[in-house]
Structure formats: structure tokens, C-alpha cells
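K.L.:
Below you'll find work-v1.cif; it's mmCIF, N, CA and C atoms.
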```
data_final
loop_
_atom_site.label_atom_id
_atom_site.label_comp_id
_atom_site.auth_asym_id
_atom_site.auth_seq_id
_atom_site.Cartn_x
_atom_site.Cartn_y
_atom_site.Cartn_z
N MET A 21 16.12 -6.54 -6.67
CA MET A 21 15.41 -6.81 -5.43
C MET A 21 14.60 -8.10 -5.56
N TYR A 22 14.50 -8.80 -4.46
CA TYR A 22 13.74 -10.04 -4.43
C TYR A 22 12.31 -9.76 -3.96
N LYS A 23 11.37 -10.58 -4.42
CA LYS A 23 9.96 -10.41 -4.05
C LYS A 23 9.63 -11.06 -2.72
N HIS A 24 10.24 -12.22 -2.45
CA HIS A 24 9.95 -12.96 -1.21
C HIS A 24 11.25 -13.55 -0.68
N VAL A 25 11.67 -13.04 0.47
CA VAL A 25 12.93 -13.48 1.09
C VAL A 25 12.58 -14.30 2.34
N LEU A 26 13.21 -15.46 2.45
CA LEU A 26 13.02 -16.34 3.60
C LEU A 26 14.25 -16.25 4.50
N VAL A 27 14.01 -16.06 5.79
CA VAL A 27 15.10 -16.02 6.77
C VAL A 27 14.85 -17.12 7.79
N PRO A 28 15.54 -18.25 7.67
CA PRO A 28 15.41 -19.28 8.72
C PRO A 28 16.01 -18.75 10.02
N ILE A 29 15.28 -18.91 11.10
CA ILE A 29 15.71 -18.39 12.40
C ILE A 29 16.03 -19.56 13.33
N SER A 30 17.26 -19.55 13.81
CA SER A 30 17.68 -20.50 14.83
C SER A 30 17.95 -19.68 16.08
N PHE A 31 17.52 -20.17 17.20
CA PHE A 31 17.71 -19.43 18.43
C PHE A 31 19.00 -19.82 19.15
N GLU A 32 19.91 -20.48 18.44
CA GLU A 32 21.21 -20.80 19.01
C GLU A 32 22.03 -19.52 19.11
N GLU A 33 22.86 -19.43 20.14
CA GLU A 33 23.60 -18.19 20.40
C GLU A 33 24.61 -17.85 19.31
N ASP A 34 25.17 -18.82 18.63
CA ASP A 34 26.21 -18.52 17.65
C ASP A 34 25.67 -18.17 16.27
N ARG A 35 24.37 -18.02 16.13
CA ARG A 35 23.76 -17.63 14.85
C ARG A 35 23.48 -16.13 14.86
N ASP A 36 23.71 -15.46 13.75
CA ASP A 36 23.52 -14.02 13.65
C ASP A 36 22.17 -13.72 13.00
N ALA A 37 21.08 -13.94 13.74
CA ALA A 37 19.75 -13.69 13.20
C ALA A 37 19.56 -12.23 12.84
N ALA A 38 20.10 -11.32 13.66
CA ALA A 38 19.94 -9.89 13.38
C ALA A 38 20.63 -9.52 12.07
N GLY A 39 21.81 -10.07 11.84
CA GLY A 39 22.53 -9.80 10.59
C GLY A 39 21.79 -10.35 9.38
N ALA A 40 21.20 -11.53 9.54
CA ALA A 40 20.45 -12.14 8.44
C ALA A 40 19.19 -11.32 8.14
N MET A 41 18.52 -10.83 9.19
CA MET A 41 17.32 -10.03 8.97
C MET A 41 17.66 -8.69 8.31
N LYS A 42 18.79 -8.10 8.70
CA LYS A 42 19.21 -6.84 8.09
C LYS A 42 19.53 -7.05 6.61
N ALA A 43 20.24 -8.13 6.30
CA ALA A 43 20.55 -8.45 4.89
C ALA A 43 19.28 -8.71 4.10
N ALA A 44 18.31 -9.40 4.71
CA ALA A 44 17.04 -9.69 4.03
C ALA A 44 16.30 -8.40 3.70
N GLN A 45 16.31 -7.44 4.61
CA GLN A 45 15.65 -6.17 4.35
C GLN A 45 16.28 -5.45 3.16
N LEU A 46 17.59 -5.49 3.07
CA LEU A 46 18.27 -4.85 1.94
C LEU A 46 17.94 -5.56 0.63
N LEU A 47 17.90 -6.89 0.67
CA LEU A 47 17.63 -7.67 -0.54
C LEU A 47 16.16 -7.60 -0.98
N ALA A 48 15.26 -7.43 -0.03
CA ALA A 48 13.83 -7.37 -0.35
C ALA A 48 13.41 -5.98 -0.80
N GLY A 49 14.14 -4.98 -0.39
CA GLY A 49 13.76 -3.62 -0.75
C GLY A 49 12.47 -3.21 -0.04
N PRO A 50 11.90 -2.08 -0.42
CA PRO A 50 10.74 -1.57 0.31
C PRO A 50 9.45 -2.36 0.06
N ASP A 51 9.37 -3.13 -1.04
CA ASP A 51 8.12 -3.81 -1.37
C ASP A 51 8.16 -5.33 -1.22
N GLY A 52 9.33 -5.90 -0.96
CA GLY A 52 9.46 -7.35 -0.86
C GLY A 52 8.94 -7.88 0.47
N ARG A 53 8.44 -9.12 0.44
CA ARG A 53 7.99 -9.80 1.65
C ARG A 53 9.16 -10.52 2.30
N ILE A 54 9.11 -10.61 3.61
CA ILE A 54 10.12 -11.35 4.36
C ILE A 54 9.40 -12.31 5.29
N THR A 55 9.81 -13.58 5.24
CA THR A 55 9.26 -14.59 6.15
C THR A 55 10.37 -15.07 7.07
N LEU A 56 10.13 -14.96 8.36
CA LEU A 56 11.03 -15.50 9.38
C LEU A 56 10.51 -16.89 9.71
N LEU A 57 11.32 -17.91 9.43
CA LEU A 57 10.87 -19.29 9.57
C LEU A 57 11.69 -20.02 10.63
N HIS A 58 10.99 -20.65 11.56
CA HIS A 58 11.67 -21.51 12.52
C HIS A 58 11.16 -22.93 12.35
N VAL A 59 12.09 -23.88 12.26
CA VAL A 59 11.71 -25.29 12.12
C VAL A 59 11.91 -25.96 13.48
N MET A 60 10.82 -26.52 14.00
CA MET A 60 10.90 -27.29 15.25
C MET A 60 11.19 -28.75 14.89
N GLU A 61 12.36 -29.18 15.28
CA GLU A 61 12.74 -30.56 14.97
C GLU A 61 12.05 -31.51 15.95
N GLN A 62 11.80 -32.72 15.50
CA GLN A 62 11.13 -33.72 16.32
C GLN A 62 12.05 -34.17 17.45
N ILE A 63 11.48 -34.31 18.62
CA ILE A 63 12.20 -34.86 19.76
C ILE A 63 12.00 -36.36 19.71
N PRO A 64 13.09 -37.12 19.84
CA PRO A 64 12.95 -38.58 19.79
C PRO A 64 11.94 -39.10 20.81
N THR A 65 11.23 -40.15 20.45
CA THR A 65 10.17 -40.70 21.29
C THR A 65 10.68 -41.10 22.66
N TYR A 66 11.89 -41.65 22.72
CA TYR A 66 12.41 -42.08 24.02
C TYR A 66 12.64 -40.87 24.94
N ALA A 67 12.93 -39.70 24.39
CA ALA A 67 13.19 -38.52 25.21
C ALA A 67 11.90 -37.79 25.59
N ILE A 68 10.93 -37.79 24.71
CA ILE A 68 9.69 -37.04 24.95
C ILE A 68 8.94 -37.58 26.16
N SER A 69 9.10 -38.87 26.44
CA SER A 69 8.39 -39.45 27.59
C SER A 69 8.90 -38.89 28.92
N TYR A 70 10.07 -38.28 28.94
CA TYR A 70 10.63 -37.71 30.17
C TYR A 70 10.29 -36.23 30.33
N MET A 71 9.59 -35.66 29.37
CA MET A 71 9.26 -34.24 29.42
C MET A 71 7.80 -34.05 29.82
N PRO A 72 7.50 -32.91 30.45
CA PRO A 72 6.10 -32.64 30.77
C PRO A 72 5.27 -32.56 29.49
N GLN A 73 4.03 -32.99 29.54
CA GLN A 73 3.19 -33.04 28.35
C GLN A 73 3.01 -31.68 27.69
N GLU A 74 2.97 -30.63 28.48
CA GLU A 74 2.74 -29.30 27.91
C GLU A 74 4.01 -28.66 27.34
N TYR A 75 5.15 -29.34 27.44
CA TYR A 75 6.42 -28.76 26.99
C TYR A 75 6.39 -28.32 25.53
N LEU A 76 5.95 -29.19 24.62
CA LEU A 76 5.95 -28.86 23.20
C LEU A 76 5.00 -27.70 22.88
N VAL A 77 3.84 -27.71 23.51
CA VAL A 77 2.86 -26.63 23.27
C VAL A 77 3.42 -25.30 23.76
N GLU A 78 3.99 -25.31 24.96
CA GLU A 78 4.55 -24.07 25.52
C GLU A 78 5.76 -23.60 24.71
N SER A 79 6.59 -24.52 24.28
CA SER A 79 7.75 -24.15 23.47
C SER A 79 7.33 -23.51 22.16
N ARG A 80 6.37 -24.14 21.50
CA ARG A 80 5.88 -23.61 20.22
C ARG A 80 5.27 -22.22 20.41
N SER A 81 4.48 -22.04 21.45
CA SER A 81 3.86 -20.73 21.72
C SER A 81 4.92 -19.66 21.97
N ALA A 82 5.95 -20.00 22.72
CA ALA A 82 7.02 -19.04 23.01
C ALA A 82 7.77 -18.67 21.73
N ILE A 83 8.04 -19.64 20.89
CA ILE A 83 8.74 -19.39 19.63
C ILE A 83 7.87 -18.55 18.69
N GLU A 84 6.59 -18.86 18.60
CA GLU A 84 5.67 -18.07 17.76
C GLU A 84 5.63 -16.62 18.24
N ALA A 85 5.58 -16.41 19.54
CA ALA A 85 5.55 -15.05 20.09
C ALA A 85 6.85 -14.30 19.77
N GLU A 86 7.97 -14.98 19.91
CA GLU A 86 9.26 -14.34 19.62
C GLU A 86 9.38 -13.99 18.14
N LEU A 87 8.96 -14.89 17.26
CA LEU A 87 8.99 -14.60 15.82
C LEU A 87 8.06 -13.45 15.46
N ALA A 88 6.88 -13.42 16.06
CA ALA A 88 5.93 -12.33 15.81
C ALA A 88 6.54 -10.99 16.23
N ASP A 89 7.21 -10.99 17.37
CA ASP A 89 7.87 -9.77 17.84
C ASP A 89 8.97 -9.34 16.87
N MET A 90 9.78 -10.29 16.42
CA MET A 90 10.86 -9.98 15.47
C MET A 90 10.27 -9.45 14.16
N ALA A 91 9.22 -10.08 13.68
CA ALA A 91 8.61 -9.69 12.41
C ALA A 91 7.93 -8.33 12.50
N SER A 92 7.44 -7.97 13.67
CA SER A 92 6.74 -6.68 13.82
C SER A 92 7.68 -5.50 13.62
N LYS A 93 8.97 -5.73 13.69
CA LYS A 93 9.96 -4.66 13.53
C LYS A 93 10.43 -4.50 12.09
N ILE A 94 9.91 -5.34 11.19
CA ILE A 94 10.32 -5.33 9.78
C ILE A 94 9.08 -5.14 8.91
N PRO A 95 9.10 -4.18 8.00
CA PRO A 95 7.94 -4.01 7.10
C PRO A 95 7.70 -5.26 6.25
N HIS A 96 6.45 -5.62 6.03
CA HIS A 96 6.04 -6.74 5.19
C HIS A 96 6.61 -8.08 5.65
N ALA A 97 6.78 -8.25 6.95
CA ALA A 97 7.36 -9.50 7.47
C ALA A 97 6.33 -10.28 8.27
N GLN A 98 6.53 -11.58 8.31
CA GLN A 98 5.69 -12.47 9.11
C GLN A 98 6.56 -13.58 9.67
N GLY A 99 6.13 -14.15 10.78
CA GLY A 99 6.82 -15.28 11.38
C GLY A 99 6.03 -16.55 11.16
N VAL A 100 6.74 -17.65 10.89
CA VAL A 100 6.11 -18.95 10.65
C VAL A 100 6.90 -20.01 11.40
N VAL A 101 6.18 -20.91 12.08
CA VAL A 101 6.79 -22.05 12.77
C VAL A 101 6.25 -23.32 12.14
N ILE A 102 7.15 -24.21 11.73
CA ILE A 102 6.74 -25.49 11.16
C ILE A 102 7.57 -26.61 11.77
N ASP A 103 7.10 -27.82 11.61
CA ASP A 103 7.79 -29.00 12.13
C ASP A 103 8.56 -29.68 11.01
N GLY A 104 9.67 -30.30 11.36
CA GLY A 104 10.41 -31.08 10.38
C GLY A 104 11.90 -31.10 10.66
N HIS A 105 12.65 -31.55 9.68
CA HIS A 105 14.10 -31.56 9.72
C HIS A 105 14.58 -30.25 9.12
N ALA A 106 15.42 -29.51 9.82
CA ALA A 106 15.74 -28.12 9.45
C ALA A 106 16.14 -27.94 7.98
N GLY A 107 17.22 -28.53 7.53
CA GLY A 107 17.71 -28.29 6.18
C GLY A 107 16.70 -28.64 5.10
N ARG A 108 16.16 -29.81 5.16
CA ARG A 108 15.20 -30.27 4.15
C ARG A 108 13.90 -29.47 4.21
N THR A 109 13.42 -29.18 5.40
CA THR A 109 12.16 -28.46 5.55
C THR A 109 12.27 -27.02 5.05
N ILE A 110 13.40 -26.39 5.30
CA ILE A 110 13.61 -25.02 4.82
C ILE A 110 13.55 -24.97 3.29
N THR A 111 14.26 -25.87 2.63
CA THR A 111 14.26 -25.85 1.16
C THR A 111 12.90 -26.24 0.59
N ASP A 112 12.23 -27.19 1.21
CA ASP A 112 10.88 -27.58 0.76
C ASP A 112 9.90 -26.42 0.93
N TRP A 113 9.96 -25.75 2.08
CA TRP A 113 9.04 -24.63 2.33
C TRP A 113 9.31 -23.50 1.33
N ALA A 114 10.57 -23.23 1.07
CA ALA A 114 10.92 -22.18 0.11
C ALA A 114 10.38 -22.50 -1.28
N ALA A 115 10.54 -23.74 -1.72
CA ALA A 115 10.08 -24.15 -3.05
C ALA A 115 8.55 -24.08 -3.15
N GLY A 116 7.86 -24.37 -2.09
CA GLY A 116 6.40 -24.39 -2.12
C GLY A 116 5.74 -23.05 -1.83
N ASN A 117 6.54 -22.02 -1.51
CA ASN A 117 5.95 -20.73 -1.14
C ASN A 117 6.53 -19.56 -1.92
N SER A 118 6.97 -19.82 -3.13
CA SER A 118 7.45 -18.77 -4.04
C SER A 118 8.55 -17.89 -3.45
N VAL A 119 9.47 -18.51 -2.72
CA VAL A 119 10.61 -17.78 -2.18
C VAL A 119 11.66 -17.67 -3.28
N ASP A 120 12.19 -16.46 -3.50
CA ASP A 120 13.22 -16.32 -4.52
C ASP A 120 14.60 -16.04 -3.94
N CYS A 121 14.69 -15.96 -2.60
CA CYS A 121 15.99 -15.80 -1.95
C CYS A 121 15.88 -16.27 -0.50
N ILE A 122 16.89 -17.02 -0.06
CA ILE A 122 16.99 -17.44 1.34
C ILE A 122 18.22 -16.75 1.92
N VAL A 123 18.05 -16.09 3.07
CA VAL A 123 19.18 -15.49 3.79
C VAL A 123 19.32 -16.27 5.08
N ILE A 124 20.43 -16.98 5.22
CA ILE A 124 20.60 -17.86 6.37
C ILE A 124 21.88 -17.53 7.12
N ALA A 125 21.77 -17.48 8.44
CA ALA A 125 22.93 -17.25 9.30
C ALA A 125 23.65 -18.56 9.51
N SER A 126 24.97 -18.50 9.54
CA SER A 126 25.76 -19.71 9.75
C SER A 126 26.86 -19.42 10.76
N HIS A 127 27.26 -20.45 11.45
CA HIS A 127 28.38 -20.33 12.37
C HIS A 127 29.64 -20.74 11.63
N ARG A 128 30.77 -20.53 12.22
CA ARG A 128 32.03 -20.98 11.63
C ARG A 128 32.05 -22.51 11.65
N PRO A 129 32.33 -23.14 10.51
CA PRO A 129 32.28 -24.60 10.47
C PRO A 129 33.37 -25.25 11.34
N GLY A 130 33.00 -26.35 11.94
CA GLY A 130 33.93 -27.12 12.75
C GLY A 130 34.02 -28.54 12.23
N MET A 131 34.72 -29.39 12.96
CA MET A 131 34.92 -30.78 12.53
C MET A 131 33.58 -31.51 12.39
N SER A 132 32.65 -31.26 13.30
CA SER A 132 31.37 -31.97 13.22
C SER A 132 30.62 -31.61 11.94
N ASP A 133 30.79 -30.38 11.46
CA ASP A 133 30.12 -29.98 10.23
C ASP A 133 30.70 -30.71 9.02
N LEU A 134 31.99 -31.01 9.08
CA LEU A 134 32.61 -31.75 7.98
C LEU A 134 32.08 -33.17 7.91
N LEU A 135 31.73 -33.73 9.06
CA LEU A 135 31.24 -35.09 9.09
C LEU A 135 29.73 -35.18 8.92
N LEU A 136 28.99 -34.25 9.53
CA LEU A 136 27.54 -34.33 9.55
C LEU A 136 26.85 -33.37 8.58
N GLY A 137 27.45 -32.23 8.34
CA GLY A 137 26.84 -31.21 7.50
C GLY A 137 25.95 -30.29 8.32
N SER A 138 26.07 -29.00 8.08
CA SER A 138 25.26 -28.04 8.81
C SER A 138 23.98 -27.73 8.05
N THR A 139 23.06 -27.08 8.72
CA THR A 139 21.80 -26.68 8.07
C THR A 139 22.08 -25.74 6.91
N ALA A 140 22.95 -24.75 7.13
CA ALA A 140 23.27 -23.81 6.05
C ALA A 140 23.85 -24.54 4.85
N HIS A 141 24.70 -25.50 5.09
CA HIS A 141 25.31 -26.27 4.00
C HIS A 141 24.23 -27.02 3.21
N GLN A 142 23.29 -27.63 3.90
CA GLN A 142 22.20 -28.34 3.23
C GLN A 142 21.34 -27.39 2.42
N VAL A 143 21.06 -26.22 2.96
CA VAL A 143 20.24 -25.24 2.25
C VAL A 143 20.96 -24.77 0.99
N VAL A 144 22.24 -24.45 1.11
CA VAL A 144 23.02 -23.99 -0.05
C VAL A 144 23.03 -25.06 -1.14
N ARG A 145 23.20 -26.30 -0.76
CA ARG A 145 23.28 -27.38 -1.75
C ARG A 145 21.96 -27.71 -2.41
N HIS A 146 20.84 -27.57 -1.69
CA HIS A 146 19.58 -28.09 -2.20
C HIS A 146 18.52 -27.04 -2.56
N ALA A 147 18.75 -25.79 -2.24
CA ALA A 147 17.76 -24.75 -2.55
C ALA A 147 17.67 -24.53 -4.06
N THR A 148 16.47 -24.24 -4.52
CA THR A 148 16.25 -23.97 -5.94
C THR A 148 16.21 -22.47 -6.22
N CYS A 149 16.54 -21.66 -5.22
CA CYS A 149 16.57 -20.21 -5.38
C CYS A 149 17.91 -19.70 -4.89
N ALA A 150 18.11 -18.39 -4.97
CA ALA A 150 19.35 -17.78 -4.48
C ALA A 150 19.46 -17.98 -2.96
N VAL A 151 20.69 -18.14 -2.48
CA VAL A 151 20.94 -18.28 -1.05
C VAL A 151 22.10 -17.35 -0.66
N HIS A 152 21.88 -16.55 0.36
CA HIS A 152 22.91 -15.69 0.91
C HIS A 152 23.22 -16.19 2.31
N VAL A 153 24.49 -16.48 2.59
CA VAL A 153 24.90 -16.96 3.90
C VAL A 153 25.57 -15.82 4.66
N VAL A 154 25.09 -15.56 5.87
CA VAL A 154 25.65 -14.50 6.72
C VAL A 154 26.45 -15.15 7.81
N ARG A 155 27.69 -14.69 7.97
CA ARG A 155 28.54 -15.19 9.06
C ARG A 155 28.84 -14.08 10.02
#
```
Could you render the structure from this file as C-alpha cells?

P.N.:
Amino acid sequence: MYKHVLVPISFEEDRDAAGAMKAAQLLAGPDGRITLLHVMEQIPTYAISYMPQEYLVESRSAIEAELADMASKIPHAQGVVIDGHAGRTITDWAAGNSVDCIVIASHRPGMSDLLLGSTAHQVVRHATCAVHVVR
């Protein structure tokens, strides 16, 4: 069993967050901590000027509320929202917060993933702890 399991949460429809959370519960056992982490990526400056000023604040609040609701259904779980680049930020957060396992949902890879790389691929390559990928 792992002591601290990190589950990066993406709200994209093709990600299996429920499956990743279920796997995390099994891997953490009854005493392990689970952190549900969402990374808010930066919106380019040229695009942000076209959005209402309260957009980022409202978006963050909605995501925090959703993560809190998801975490409330899992023993020893908490939700965390941070800013950054998804792949790099997930691995950095895991290294700095004593995470010993990351459970990440992934979609079926396509051509764009071969050229650009997916978040799950970056996490698998750069994490310093165990990584379980759920498809």
C-alpha cells in the first residue's frame, strides 16, 4: 500500500477520473492519503484580454468546489488546485509533497500525442515515484 497517492484530475470528457480515483483508493488502502490535483494552465495574454475579468476567479472557484465534492466521497482525500504546465507541475508537486504513487487517467493516444506528447506520457517519463496509468 502507498502512503500518499496523487490523482491528477482533468475535466476533459475522455479522461476516466472515476476509474483513477477507484484505483487510487485500492492502492492507498484504508490509511493512505489521496490528493486530487487539478492544474490550471495559463491562458495566453493575447486571449485573456478578450475574457471577462472575473473569469479566472470564477473558474478556479468552480474547480475547487468540484474537487472538494469529489474528495468528500473518499476517505483521507483532499482537493488541490495549482497553476502551471500540467505535466511538469504534476511531477514537481509530487516530488515536493512526499507522493509515492501517481494514478493518472489517459485517453487513447492519437497522432497529436506522437508529435506533442500527452500529460500522462510526461508524468510517466519524469515522475520520481510509481505511476499507474488508467485507460

K.L.:
Got a sec to resolve the PyMOL selection byres ((chain A and resi 26) around 7) on this structure and send the residues as a VMD selection string?

P.N.:
chain A and resid 24 to 25 27 to 28 53 to 57 119 to 124

K.L.:
Please write the residues picked by the PyMOL selection byres ((chain A and resi 109-114) around 8) on this file as a compact mmCIF listing (two decimals) with N, CA and C atoms, in the coordinates of the input.

P.N.:
```txt
# COMPACT_ATOMS: atom_id res chain seq x y z
N LEU A 26 13.21 -15.46 2.45
CA LEU A 26 13.02 -16.34 3.60
C LEU A 26 14.25 -16.25 4.50
N PRO A 28 15.54 -18.25 7.67
CA PRO A 28 15.41 -19.28 8.72
C PRO A 28 16.01 -18.75 10.02
N LEU A 57 11.32 -17.91 9.43
CA LEU A 57 10.87 -19.29 9.57
C LEU A 57 11.69 -20.02 10.63
N VAL A 59 12.09 -23.88 12.26
CA VAL A 59 11.71 -25.29 12.12
C VAL A 59 11.91 -25.96 13.48
N ILE A 102 7.15 -24.21 11.73
CA ILE A 102 6.74 -25.49 11.16
C ILE A 102 7.57 -26.61 11.77
N ASP A 103 7.10 -27.82 11.61
CA ASP A 103 7.79 -29.00 12.13
C ASP A 103 8.56 -29.68 11.01
N GLY A 104 9.67 -30.30 11.36
CA GLY A 104 10.41 -31.08 10.38
C GLY A 104 11.90 -31.10 10.66
N HIS A 105 12.65 -31.55 9.68
CA HIS A 105 14.10 -31.56 9.72
C HIS A 105 14.58 -30.25 9.12
N ALA A 106 15.42 -29.51 9.82
CA ALA A 106 15.74 -28.12 9.45
C ALA A 106 16.14 -27.94 7.98
N GLY A 107 17.22 -28.53 7.53
CA GLY A 107 17.71 -28.29 6.18
C GLY A 107 16.70 -28.64 5.10
N ARG A 108 16.16 -29.81 5.16
CA ARG A 108 15.20 -30.27 4.15
C ARG A 108 13.90 -29.47 4.21
N ALA A 115 10.54 -23.74 -1.72
CA ALA A 115 10.08 -24.15 -3.05
C ALA A 115 8.55 -24.08 -3.15
N GLY A 116 7.86 -24.37 -2.09
CA GLY A 116 6.40 -24.39 -2.12
C GLY A 116 5.74 -23.05 -1.83
N ASN A 117 6.54 -22.02 -1.51
CA ASN A 117 5.95 -20.73 -1.14
C ASN A 117 6.53 -19.56 -1.92
N SER A 118 6.97 -19.82 -3.13
CA SER A 118 7.45 -18.77 -4.04
C SER A 118 8.55 -17.89 -3.45
N VAL A 119 9.47 -18.51 -2.72
CA VAL A 119 10.61 -17.78 -2.18
C VAL A 119 11.66 -17.67 -3.28
N ASP A 120 12.19 -16.46 -3.50
CA ASP A 120 13.22 -16.32 -4.52
C ASP A 120 14.60 -16.04 -3.94
N CYS A 121 14.69 -15.96 -2.60
CA CYS A 121 15.99 -15.80 -1.95
C CYS A 121 15.88 -16.27 -0.50
N ILE A 122 16.89 -17.02 -0.06
CA ILE A 122 16.99 -17.44 1.34
C ILE A 122 18.22 -16.75 1.92
N GLN A 142 23.29 -27.63 3.90
CA GLN A 142 22.20 -28.34 3.23
C GLN A 142 21.34 -27.39 2.42
N VAL A 143 21.06 -26.22 2.96
CA VAL A 143 20.24 -25.24 2.25
C VAL A 143 20.96 -24.77 0.99
N HIS A 146 20.84 -27.57 -1.69
CA HIS A 146 19.58 -28.09 -2.20
C HIS A 146 18.52 -27.04 -2.56
N ALA A 147 18.75 -25.79 -2.24
CA ALA A 147 17.76 -24.75 -2.55
C ALA A 147 17.67 -24.53 -4.06
N THR A 148 16.47 -24.24 -4.52
CA THR A 148 16.25 -23.97 -5.94
C THR A 148 16.21 -22.47 -6.22
N CYS A 149 16.54 -21.66 -5.22
CA CYS A 149 16.57 -20.21 -5.38
C CYS A 149 17.91 -19.70 -4.89
```

K.L.:
Suppose you want the space between atom N of A:Arg155 and atom C of A:Ala140; what is it in Å?

P.N.:
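Atom-to-atom, atom N of A:Arg155 to atom C of A:Ala140, that is 11.0 Å.
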
K.L.:
DSSP on the backbone: what in chain A comes out strand (DSSP E or B), as an mmCIF file with N, CA and C atoms, keeping the file's coordinate frame?

P.N.:
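Resulting contents of selection_9.cif:
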```
data_model
loop_
_atom_site.group_PDB
_atom_site.id
_atom_site.type_symbol
_atom_site.label_atom_id
_atom_site.label_comp_id
_atom_site.auth_asym_id
_atom_site.auth_seq_id
_atom_site.Cartn_x
_atom_site.Cartn_y
_atom_site.Cartn_z
ATOM 1 N N HIS A 24 10.240 -12.220 -2.450
ATOM 2 C CA HIS A 24 9.950 -12.960 -1.210
ATOM 3 C C HIS A 24 11.250 -13.550 -0.680
ATOM 4 N N VAL A 25 11.670 -13.040 0.470
ATOM 5 C CA VAL A 25 12.930 -13.480 1.090
ATOM 6 C C VAL A 25 12.580 -14.300 2.340
ATOM 7 N N LEU A 26 13.210 -15.460 2.450
ATOM 8 C CA LEU A 26 13.020 -16.340 3.600
ATOM 9 C C LEU A 26 14.250 -16.250 4.500
ATOM 10 N N VAL A 27 14.010 -16.060 5.790
ATOM 11 C CA VAL A 27 15.100 -16.020 6.770
ATOM 12 C C VAL A 27 14.850 -17.120 7.790
ATOM 13 N N PRO A 28 15.540 -18.250 7.670
ATOM 14 C CA PRO A 28 15.410 -19.280 8.720
ATOM 15 C C PRO A 28 16.010 -18.750 10.020
ATOM 16 N N ARG A 53 8.440 -9.120 0.440
ATOM 17 C CA ARG A 53 7.990 -9.800 1.650
ATOM 18 C C ARG A 53 9.160 -10.520 2.300
ATOM 19 N N ILE A 54 9.110 -10.610 3.610
ATOM 20 C CA ILE A 54 10.120 -11.350 4.360
ATOM 21 C C ILE A 54 9.400 -12.310 5.290
ATOM 22 N N THR A 55 9.810 -13.580 5.240
ATOM 23 C CA THR A 55 9.260 -14.590 6.150
ATOM 24 C C THR A 55 10.370 -15.070 7.070
ATOM 25 N N LEU A 56 10.130 -14.960 8.360
ATOM 26 C CA LEU A 56 11.030 -15.500 9.380
ATOM 27 C C LEU A 56 10.510 -16.890 9.710
ATOM 28 N N LEU A 57 11.320 -17.910 9.430
ATOM 29 C CA LEU A 57 10.870 -19.290 9.570
ATOM 30 C C LEU A 57 11.690 -20.020 10.630
ATOM 31 N N HIS A 58 10.990 -20.650 11.560
ATOM 32 C CA HIS A 58 11.670 -21.510 12.520
ATOM 33 C C HIS A 58 11.160 -22.930 12.350
ATOM 34 N N VAL A 59 12.090 -23.880 12.260
ATOM 35 C CA VAL A 59 11.710 -25.290 12.120
ATOM 36 C C VAL A 59 11.910 -25.960 13.480
ATOM 37 N N MET A 60 10.820 -26.520 14.000
ATOM 38 C CA MET A 60 10.900 -27.290 15.250
ATOM 39 C C MET A 60 11.190 -28.750 14.890
ATOM 40 N N ALA A 97 6.780 -8.250 6.950
ATOM 41 C CA ALA A 97 7.360 -9.500 7.470
ATOM 42 C C ALA A 97 6.330 -10.280 8.270
ATOM 43 N N GLN A 98 6.530 -11.580 8.310
ATOM 44 C CA GLN A 98 5.690 -12.470 9.110
ATOM 45 C C GLN A 98 6.560 -13.580 9.670
ATOM 46 N N GLY A 99 6.130 -14.150 10.780
ATOM 47 C CA GLY A 99 6.820 -15.280 11.380
ATOM 48 C C GLY A 99 6.030 -16.550 11.160
ATOM 49 N N VAL A 100 6.740 -17.650 10.890
ATOM 50 C CA VAL A 100 6.110 -18.950 10.650
ATOM 51 C C VAL A 100 6.900 -20.010 11.400
ATOM 52 N N VAL A 101 6.180 -20.910 12.080
ATOM 53 C CA VAL A 101 6.790 -22.050 12.770
ATOM 54 C C VAL A 101 6.250 -23.320 12.140
ATOM 55 N N ILE A 102 7.150 -24.210 11.730
ATOM 56 C CA ILE A 102 6.740 -25.490 11.160
ATOM 57 C C ILE A 102 7.570 -26.610 11.770
ATOM 58 N N ASP A 103 7.100 -27.820 11.610
ATOM 59 C CA ASP A 103 7.790 -29.000 12.130
ATOM 60 C C ASP A 103 8.560 -29.680 11.010
ATOM 61 N N CYS A 121 14.690 -15.960 -2.600
ATOM 62 C CA CYS A 121 15.990 -15.800 -1.950
ATOM 63 C C CYS A 121 15.880 -16.270 -0.500
ATOM 64 N N ILE A 122 16.890 -17.020 -0.060
ATOM 65 C CA ILE A 122 16.990 -17.440 1.340
ATOM 66 C C ILE A 122 18.220 -16.750 1.920
ATOM 67 N N VAL A 123 18.050 -16.090 3.070
ATOM 68 C CA VAL A 123 19.180 -15.490 3.790
ATOM 69 C C VAL A 123 19.320 -16.270 5.080
ATOM 70 N N ILE A 124 20.430 -16.980 5.220
ATOM 71 C CA ILE A 124 20.600 -17.860 6.370
ATOM 72 C C ILE A 124 21.880 -17.530 7.120
ATOM 73 N N ALA A 125 21.770 -17.480 8.440
ATOM 74 C CA ALA A 125 22.930 -17.250 9.300
ATOM 75 C C ALA A 125 23.650 -18.560 9.510
ATOM 76 N N ALA A 150 18.110 -18.390 -4.970
ATOM 77 C CA ALA A 150 19.350 -17.780 -4.480
ATOM 78 C C ALA A 150 19.460 -17.980 -2.960
ATOM 79 N N VAL A 151 20.690 -18.140 -2.480
ATOM 80 C CA VAL A 151 20.940 -18.280 -1.050
ATOM 81 C C VAL A 151 22.100 -17.350 -0.660
ATOM 82 N N HIS A 152 21.880 -16.550 0.360
ATOM 83 C CA HIS A 152 22.910 -15.690 0.910
ATOM 84 C C HIS A 152 23.220 -16.190 2.310
ATOM 85 N N VAL A 153 24.490 -16.480 2.590
ATOM 86 C CA VAL A 153 24.900 -16.960 3.900
ATOM 87 C C VAL A 153 25.570 -15.820 4.660
ATOM 88 N N VAL A 154 25.090 -15.560 5.870
ATOM 89 C CA VAL A 154 25.650 -14.500 6.720
ATOM 90 C C VAL A 154 26.450 -15.150 7.810
#
```

K.L.:
Of the candidates A:Val101, A:Val151, A:Met41, A:Met71, which one gets nearest to A:Glu84 if we count only N, CA and C atoms?

P.N.:
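Of A:Val101, A:Val151, A:Met41, A:Met71, the one nearest A:Glu84, counting only N, CA and C atoms, is A:Val101.
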
K.L.:
Work out how far apart atom CA of A:Ala48 and atom C of A:Val144 are and give it in Å to one decimal.

P.N.:
20.0 Å

K.L.:
Taking only N, CA and C atoms into account, name the residue in A:Ala125, A:His152, A:Tyr75, A:His96 that is nearest to A:Asp51.

P.N.:
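Selected residue with least distance to A:Asp51: A:His96.
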